[in-house]
>>> print(open('start31.txt').read())   # compact mmCIF, C-alpha atoms
# COMPACT_ATOMS: atom_id res chain seq x y z
CA MET A 1 5.92 4.15 -21.80
CA ASN A 2 7.08 7.62 -20.78
CA PRO A 3 8.35 8.78 -17.36
CA PRO A 4 5.77 10.27 -14.97
CA HIS A 5 4.44 13.71 -15.85
CA PHE A 6 5.27 15.87 -12.84
CA THR A 7 2.75 18.60 -12.00
CA SER A 8 4.13 20.08 -8.77
CA ARG A 9 7.29 20.14 -6.68
CA SER A 10 8.05 21.16 -3.08
CA VAL A 11 10.74 20.48 -0.48
CA LEU A 12 10.24 20.21 3.28
CA ASP A 13 12.69 18.93 5.91
CA GLY A 14 14.95 17.29 3.37
CA VAL A 15 12.13 15.50 1.52
CA LEU A 16 11.24 16.31 -2.09
CA GLU A 17 7.52 15.87 -2.84
CA ARG A 18 6.39 15.70 -6.48
CA GLU A 19 2.84 15.13 -7.68
CA PHE A 20 2.59 13.32 -11.01
CA THR A 21 0.28 11.53 -13.41
CA VAL A 22 0.76 8.30 -15.37
CA ASP A 23 -1.85 7.68 -18.07
CA GLY A 24 -4.10 10.17 -16.29
CA VAL A 25 -3.83 8.45 -12.89
CA PRO A 26 -2.68 10.90 -10.18
CA GLY A 27 0.11 10.01 -7.80
CA VAL A 28 2.75 11.52 -5.54
CA LEU A 29 6.44 10.67 -5.21
CA TRP A 30 8.51 11.47 -2.12
CA SER A 31 12.31 11.38 -2.52
CA PRO A 32 15.49 12.44 -0.72
CA ALA A 33 15.91 16.13 -1.54
CA ASP A 34 19.67 15.84 -1.98
CA GLY A 35 19.20 13.54 -4.99
CA SER A 36 22.26 11.52 -4.01
CA GLY A 37 22.30 8.68 -6.53
CA ARG A 38 19.89 5.81 -7.02
CA ALA A 39 17.71 4.54 -4.20
CA PRO A 40 15.10 1.79 -3.69
CA LEU A 41 11.43 2.45 -4.42
CA VAL A 42 8.52 1.61 -2.12
CA LEU A 43 5.04 1.64 -3.64
CA MET A 44 2.30 2.41 -1.12
CA ALA A 45 -1.49 2.13 -1.37
CA HIS A 46 -3.86 4.11 0.85
CA GLY A 47 -6.85 2.91 2.86
CA GLY A 48 -10.50 3.09 1.84
CA GLY A 49 -12.09 6.53 1.75
CA THR A 50 -8.75 8.39 1.92
CA HIS A 51 -6.25 9.56 -0.73
CA LYS A 52 -2.62 9.59 -1.81
CA LYS A 53 -1.57 12.47 0.49
CA HIS A 54 -3.57 11.43 3.55
CA PRO A 55 -1.50 12.03 6.73
CA ALA A 56 -0.99 8.29 7.13
CA MET A 57 0.55 8.15 3.66
CA SER A 58 2.71 11.26 3.91
CA GLY A 59 3.83 10.33 7.42
CA ARG A 60 4.91 6.82 6.45
CA ALA A 61 6.52 8.10 3.26
CA ARG A 62 8.60 10.71 5.08
CA ARG A 63 9.72 8.09 7.60
CA LEU A 64 10.87 5.84 4.76
CA VAL A 65 12.69 8.64 2.94
CA ALA A 66 14.42 9.84 6.12
CA GLY A 67 14.94 6.38 7.60
CA CYS A 68 16.36 4.39 4.70
CA GLY A 69 16.72 6.85 1.82
CA CYS A 70 13.92 5.32 -0.27
CA HIS A 71 11.69 6.86 -2.88
CA VAL A 72 8.00 6.36 -2.03
CA ALA A 73 5.10 6.55 -4.49
CA VAL A 74 1.33 6.42 -3.90
CA LEU A 75 -1.53 6.51 -6.42
CA ASP A 76 -5.08 7.67 -5.79
CA ALA A 77 -7.20 4.52 -5.94
CA PRO A 78 -10.07 4.32 -8.44
CA GLY A 79 -13.09 6.26 -7.19
CA HIS A 80 -11.06 8.09 -4.54
CA SER A 81 -9.99 11.71 -4.09
CA GLY A 82 -10.66 13.52 -7.35
CA ARG A 83 -11.13 10.35 -9.41
CA PRO A 84 -14.73 9.87 -10.59
CA ARG A 85 -16.89 7.14 -9.11
CA THR A 86 -18.76 4.69 -11.30
CA PRO A 87 -22.39 3.73 -10.58
CA HIS A 88 -20.99 0.47 -9.21
CA ASP A 89 -18.78 2.42 -6.80
CA GLU A 90 -21.75 4.47 -5.60
CA ARG A 91 -23.90 1.37 -4.98
CA GLU A 92 -21.18 -0.44 -3.05
CA ILE A 93 -20.28 2.57 -0.93
CA ASP A 94 -23.94 3.18 -0.10
CA LEU A 95 -24.35 -0.48 0.91
CA MET A 96 -21.19 -0.27 3.04
CA MET A 97 -22.46 2.79 4.89
CA ARG A 98 -25.91 1.27 5.48
CA THR A 99 -24.38 -1.99 6.72
CA MET A 100 -22.15 -0.18 9.21
CA ALA A 101 -25.02 2.07 10.38
CA ALA A 102 -27.10 -1.04 11.06
CA GLY A 103 -24.30 -2.56 13.15
CA GLU A 104 -23.99 -5.54 10.83
CA PRO A 105 -20.69 -7.20 9.78
CA VAL A 106 -19.22 -5.06 7.03
CA GLY A 107 -16.45 -7.45 6.00
CA PRO A 108 -18.26 -9.20 3.13
CA VAL A 109 -19.14 -5.87 1.52
CA VAL A 110 -15.65 -4.41 1.96
CA VAL A 111 -13.90 -7.54 0.66
CA ARG A 112 -16.10 -7.68 -2.43
CA TYR A 113 -15.81 -3.97 -3.24
CA ASN A 114 -12.11 -3.72 -2.50
CA GLY A 115 -11.53 -6.75 -4.71
CA HIS A 116 -13.32 -4.89 -7.51
CA LEU A 117 -11.13 -1.83 -6.93
CA ALA A 118 -8.02 -4.00 -6.95
CA THR A 119 -8.78 -5.31 -10.44
CA ARG A 120 -8.65 -1.69 -11.61
CA ALA A 121 -5.77 -0.52 -9.39
CA VAL A 122 -3.24 -3.32 -9.97
CA PRO A 123 -2.71 -2.53 -13.69
CA GLU A 124 -2.37 1.15 -12.76
CA TYR A 125 0.34 0.37 -10.20
CA ARG A 126 2.23 -1.78 -12.67
CA ALA A 127 2.08 1.00 -15.26
CA ALA A 128 3.24 3.52 -12.66
CA LEU A 129 6.15 1.24 -11.75
CA ASP A 130 7.13 1.03 -15.42
CA ALA A 131 7.13 4.83 -15.61
CA LEU A 132 8.90 5.46 -12.30
CA GLN A 133 11.71 3.06 -13.20
CA LEU A 134 12.50 5.28 -16.20
CA LEU A 135 13.64 7.98 -13.78
CA PRO A 136 17.46 7.96 -13.41
CA GLU A 137 17.21 8.25 -9.62
CA ILE A 138 15.20 4.98 -9.47
CA GLY A 139 16.21 2.90 -12.49
CA ALA A 140 14.97 -0.43 -13.79
CA ASP A 141 17.23 -2.66 -11.71
CA GLY A 142 16.78 -1.26 -8.19
CA PRO A 143 14.92 -2.87 -5.28
CA VAL A 144 11.14 -2.36 -5.06
CA GLY A 145 8.88 -2.85 -2.06
CA PHE A 146 5.17 -2.47 -1.31
CA PHE A 147 3.46 -1.03 1.79
CA GLY A 148 -0.33 -1.11 2.16
CA LEU A 149 -2.79 -1.76 4.99
CA ASN A 150 -6.58 -2.13 4.95
CA MET A 151 -7.68 -1.45 1.34
CA GLY A 152 -3.97 -1.15 0.60
CA THR A 153 -3.67 -4.86 1.36
CA ALA A 154 -6.63 -5.70 -0.90
CA ILE A 155 -4.68 -4.00 -3.68
CA GLY A 156 -1.28 -5.17 -2.49
CA LEU A 157 -1.90 -8.91 -2.30
CA PRO A 158 -2.75 -9.36 -6.01
CA LEU A 159 -0.13 -6.77 -6.97
CA VAL A 160 2.72 -8.44 -5.09
CA ALA A 161 1.57 -11.87 -6.30
CA ALA A 162 1.62 -10.69 -9.94
CA GLU A 163 4.61 -8.33 -9.98
CA PRO A 164 8.05 -10.03 -9.91
CA ARG A 165 9.84 -6.70 -9.43
CA ILE A 166 8.46 -6.34 -5.88
CA GLY A 167 10.86 -8.00 -3.47
CA ALA A 168 9.35 -7.25 -0.03
CA ALA A 169 5.99 -6.15 1.37
CA VAL A 170 4.30 -4.77 4.48
CA LEU A 171 0.63 -5.79 4.59
CA GLY A 172 -2.19 -6.33 7.06
CA GLN A 173 -5.46 -5.31 8.67
CA PHE A 174 -7.70 -7.11 6.22
CA TRP A 175 -10.17 -10.00 6.14
CA TYR A 176 -9.52 -13.56 4.98
CA ASP A 177 -11.20 -14.43 1.70
CA GLU A 178 -10.67 -17.46 -0.52
CA ALA A 179 -9.68 -15.38 -3.54
CA LEU A 180 -7.26 -13.31 -1.45
CA ALA A 181 -5.89 -16.46 0.16
CA GLU A 182 -5.12 -17.87 -3.28
CA GLN A 183 -3.21 -14.71 -4.17
CA ALA A 184 -1.46 -14.69 -0.79
CA GLY A 185 -0.30 -18.24 -1.40
CA ARG A 186 1.52 -17.10 -4.54
CA ILE A 187 3.55 -14.52 -2.61
CA THR A 188 7.04 -15.78 -1.76
CA VAL A 189 8.87 -12.54 -0.89
CA PRO A 190 9.50 -11.46 2.73
CA VAL A 191 6.39 -10.00 4.37
CA GLU A 192 5.72 -8.07 7.58
CA PHE A 193 2.02 -8.37 8.49
CA ALA A 194 0.21 -6.15 11.00
CA MET A 195 -3.14 -6.74 12.69
CA GLN A 196 -5.11 -5.41 15.65
CA TRP A 197 -5.95 -8.07 18.24
CA ASP A 198 -9.18 -6.31 19.28
CA ASP A 199 -10.29 -5.15 15.82
CA GLU A 200 -14.03 -4.45 15.94
CA HIS A 201 -14.44 -5.06 12.19
CA ILE A 202 -11.96 -7.81 11.30
CA PRO A 203 -12.37 -10.97 13.42
CA ARG A 204 -9.09 -12.11 14.92
CA GLU A 205 -9.38 -15.53 13.28
CA SER A 206 -9.84 -13.90 9.88
CA GLY A 207 -6.68 -11.80 10.16
CA LEU A 208 -4.68 -14.78 11.39
CA ALA A 209 -5.97 -16.94 8.54
CA LEU A 210 -4.88 -14.38 5.94
CA PHE A 211 -1.40 -14.25 7.49
CA ALA A 212 -1.25 -18.05 7.49
CA ALA A 213 -2.19 -18.12 3.80
CA LEU A 214 0.94 -16.17 2.78
CA GLY A 215 3.34 -18.43 0.92
CA SER A 216 6.44 -16.52 2.07
CA ALA A 217 9.16 -18.49 3.84
CA GLU A 218 10.08 -15.27 5.66
CA LYS A 219 7.04 -13.63 7.21
CA SER A 220 6.44 -12.01 10.58
CA LEU A 221 3.18 -11.24 12.38
CA HIS A 222 2.83 -7.99 14.35
CA ALA A 223 -0.31 -8.29 16.48
CA ASN A 224 -1.08 -5.26 18.64
CA SER A 225 -3.80 -4.71 21.21
CA GLY A 226 -6.46 -2.17 20.32
CA GLY A 227 -9.19 -1.51 17.79
CA HIS A 228 -9.17 -1.13 14.04
CA LYS A 229 -7.94 2.48 14.00
CA GLU A 230 -5.49 2.08 16.87
CA LEU A 231 -2.50 0.63 15.01
CA PRO A 232 0.53 1.93 16.94
CA ARG A 233 2.65 4.50 15.17
CA PHE A 234 5.76 2.49 15.95
CA GLU A 235 4.62 -0.01 13.31
CA ALA A 236 5.61 2.60 10.70
CA ASP A 237 9.11 2.67 12.20
CA SER A 238 9.16 -1.13 12.12
CA ALA A 239 8.32 -0.97 8.42
CA VAL A 240 11.29 1.34 7.85
CA ARG A 241 13.61 -1.15 9.55
CA PHE A 242 12.04 -4.02 7.57
CA PHE A 243 12.62 -2.37 4.19
CA ALA A 244 16.12 -1.21 5.18
CA ARG A 245 16.95 -4.80 6.08
CA GLN A 246 15.53 -6.19 2.84
CA PHE A 247 17.18 -3.52 0.68
CA GLY A 248 20.50 -3.60 2.52
CA THR A 249 20.37 0.12 3.35
CA ALA A 250 21.25 1.87 6.58
CA VAL A 251 18.58 3.12 9.01
>>> encode(input="start31.txt", output="structure tokens")
Amino acid sequence: MNPPHFTSRSVLDGVLEREFTVDGVPGVLWSPADGSGRAPLVLMAHGGGTHKKHPAMSGRARRLVAGCGCHVAVLDAPGHSGRPRTPHDEREIDLMMRTMAAGEPVGPVVVRYNGHLATRAVPEYRAALDALQLLPEIGADGPVGFFGLNMGTAIGLPLVAAEPRIGAAVLGQFWYDEALAEQAGRITVPVEFAMQWDDEHIPRESGLALFAALGSAEKSLHANSGGHKELPRFEADSAVRFFARQFGTAV
């Protein structure tokens, strides 16, 4: 395994942004621009239909870099951004769009398709972690966290369950499913879990059941009023405090 291949570099407001590839998979790494010694790493995964530099990703990443001095890395998920879609991707996305247009529950389609994407994305994230830990500013023995909502949770649950290097996670806004529940039950690290109480897509009982399935002794539920796309921005600040607490860094 080699370190990431960096393809671009820019600095804004004290944050260094570097795009990279690992085994052809594109990603982006945000870091403190001053390069002051080693710092924890937070892996993030984006939501469905977006990409690694979506404003939600860059905004959360910059908060984490500024708030607790972390490095933050995101990969483009399979079939997203510039990554080619398979015929299976095209069929599932078409079914998802038709289901939503008909006003029918979209959860079963999303859970199935996101589970398929996760089987492809989890090995990519583990390979990216191998590569990123070769960087001297991250290292192989530093703390690692994971932050992913929506599709990011579909990827994050099996990733956190399988990857012993990840020591804390922020998850949420996803449906309960027996396969996901089994993976959630294998997670024992501290978890902060967010959900929207009035989510028009994810039934309240489903979100609560997925939280309950987590095997972590330390887990907290953040339930906010509002619809699926109305997660309060202060939840990103809460995630910064959560990771700072878990990593023992200052906010």
>>> atom_distance(input="start31.txt", atom1="CA of Lys219 in chain A", atom2="CA of Ala127 in chain A")
27.3 Å
>>> atom_distance(input="start31.txt", atom1="CA of Gln173 in chain A", atom2="CA of Val15 in chain A")
28.2 Å
>>> residues_near_point(input="start31.txt", point="(-12.6, -12.0, 4.0)", cutoff="8 Å", atoms="all atoms listed in the file", output="ChimeraX atom specification")
/A:107-108,111,174-178,180,206
>>> closest_atom_pairs(input="start31.txt", of="range 13-68 of chain A", to="range 157-165 of chain A", cutoff="12 Å", atoms="all atoms listed in the file", output="tab-separated table")
residue	atom	partner	partner_atom	distance
A:Pro40	CA	A:Arg165	CA	11.5
A:Leu41	CA	A:Arg165	CA	10.6
A:Val42	CA	A:Arg165	CA	11.1
A:Leu43	CA	A:Leu159	CA	10.4
A:Met44	CA	A:Leu159	CA	11.2
A:Ala45	CA	A:Leu159	CA	10.6
>>> closest_residue(input="start31.txt", among="A:Phe243, A:Tyr113, A:Trp30, A:Tyr125", to="Ile138 in chain A", atoms="all atoms listed in the file")
A:Trp30
>>> residues_around(input="start31.txt", residues="range 66-73 of chain A", least_positions_apart="4", cutoff="10 Å", atoms="only C-alpha atoms", output="VMD selection string")
chain A and resid 13 to 20 27 to 33 35 to 36 38 to 45 52 57 to 58 60 to 62 125 128 to 129 132 137 to 138 143 to 147 237 239 to 245 247 to 251
>>> atom_distance(input="start31.txt", atom1="CA of Gly142 in chain A", atom2="CA of Ala118 in chain A")
25.0 Å
>>> residues_around(input="start31.txt", residues="Arg120 in chain A", least_positions_apart="5", cutoff="12 Å", atoms="only C-alpha atoms", output="PDB file with C-alpha atoms, in the frame of the given file")
ATOM      1  CA  VAL A  25      -3.830   8.450 -12.890  1.00  0.00           C
ATOM      2  CA  ASP A  76      -5.080   7.670  -5.790  1.00  0.00           C
ATOM      3  CA  ALA A  77      -7.200   4.520  -5.940  1.00  0.00           C
ATOM      4  CA  PRO A  78     -10.070   4.320  -8.440  1.00  0.00           C
ATOM      5  CA  GLY A  79     -13.090   6.260  -7.190  1.00  0.00           C
ATOM      6  CA  THR A  86     -18.760   4.690 -11.300  1.00  0.00           C
ATOM      7  CA  ASP A  89     -18.780   2.420  -6.800  1.00  0.00           C
ATOM      8  CA  TYR A 113     -15.810  -3.970  -3.240  1.00  0.00           C
ATOM      9  CA  ASN A 114     -12.110  -3.720  -2.500  1.00  0.00           C
ATOM     10  CA  GLY A 115     -11.530  -6.750  -4.710  1.00  0.00           C
ATOM     11  CA  TYR A 125       0.340   0.370 -10.200  1.00  0.00           C
ATOM     12  CA  ARG A 126       2.230  -1.780 -12.670  1.00  0.00           C
ATOM     13  CA  ALA A 127       2.080   1.000 -15.260  1.00  0.00           C
ATOM     14  CA  ALA A 154      -6.630  -5.700  -0.900  1.00  0.00           C
ATOM     15  CA  ILE A 155      -4.680  -4.000  -3.680  1.00  0.00           C
ATOM     16  CA  PRO A 158      -2.750  -9.360  -6.010  1.00  0.00           C
ATOM     17  CA  LEU A 159      -0.130  -6.770  -6.970  1.00  0.00           C
TER      18      LEU A 159
END
>>> residues_near_point(input="start31.txt", point="(-12.9, 1.9, 17.6)", cutoff="8 Å", atoms="only C-alpha atoms", output="list of chain:residue names")
A:Asp199, A:Glu200, A:Gly227, A:His228, A:Lys229, A:Glu230
>>> residues_around(input="start31.txt", residues="Ala217 in chain A", least_positions_apart="5", cutoff="12 Å", atoms="all atoms listed in the file", output="ChimeraX atom specification")
/A:168,185-192,211-212
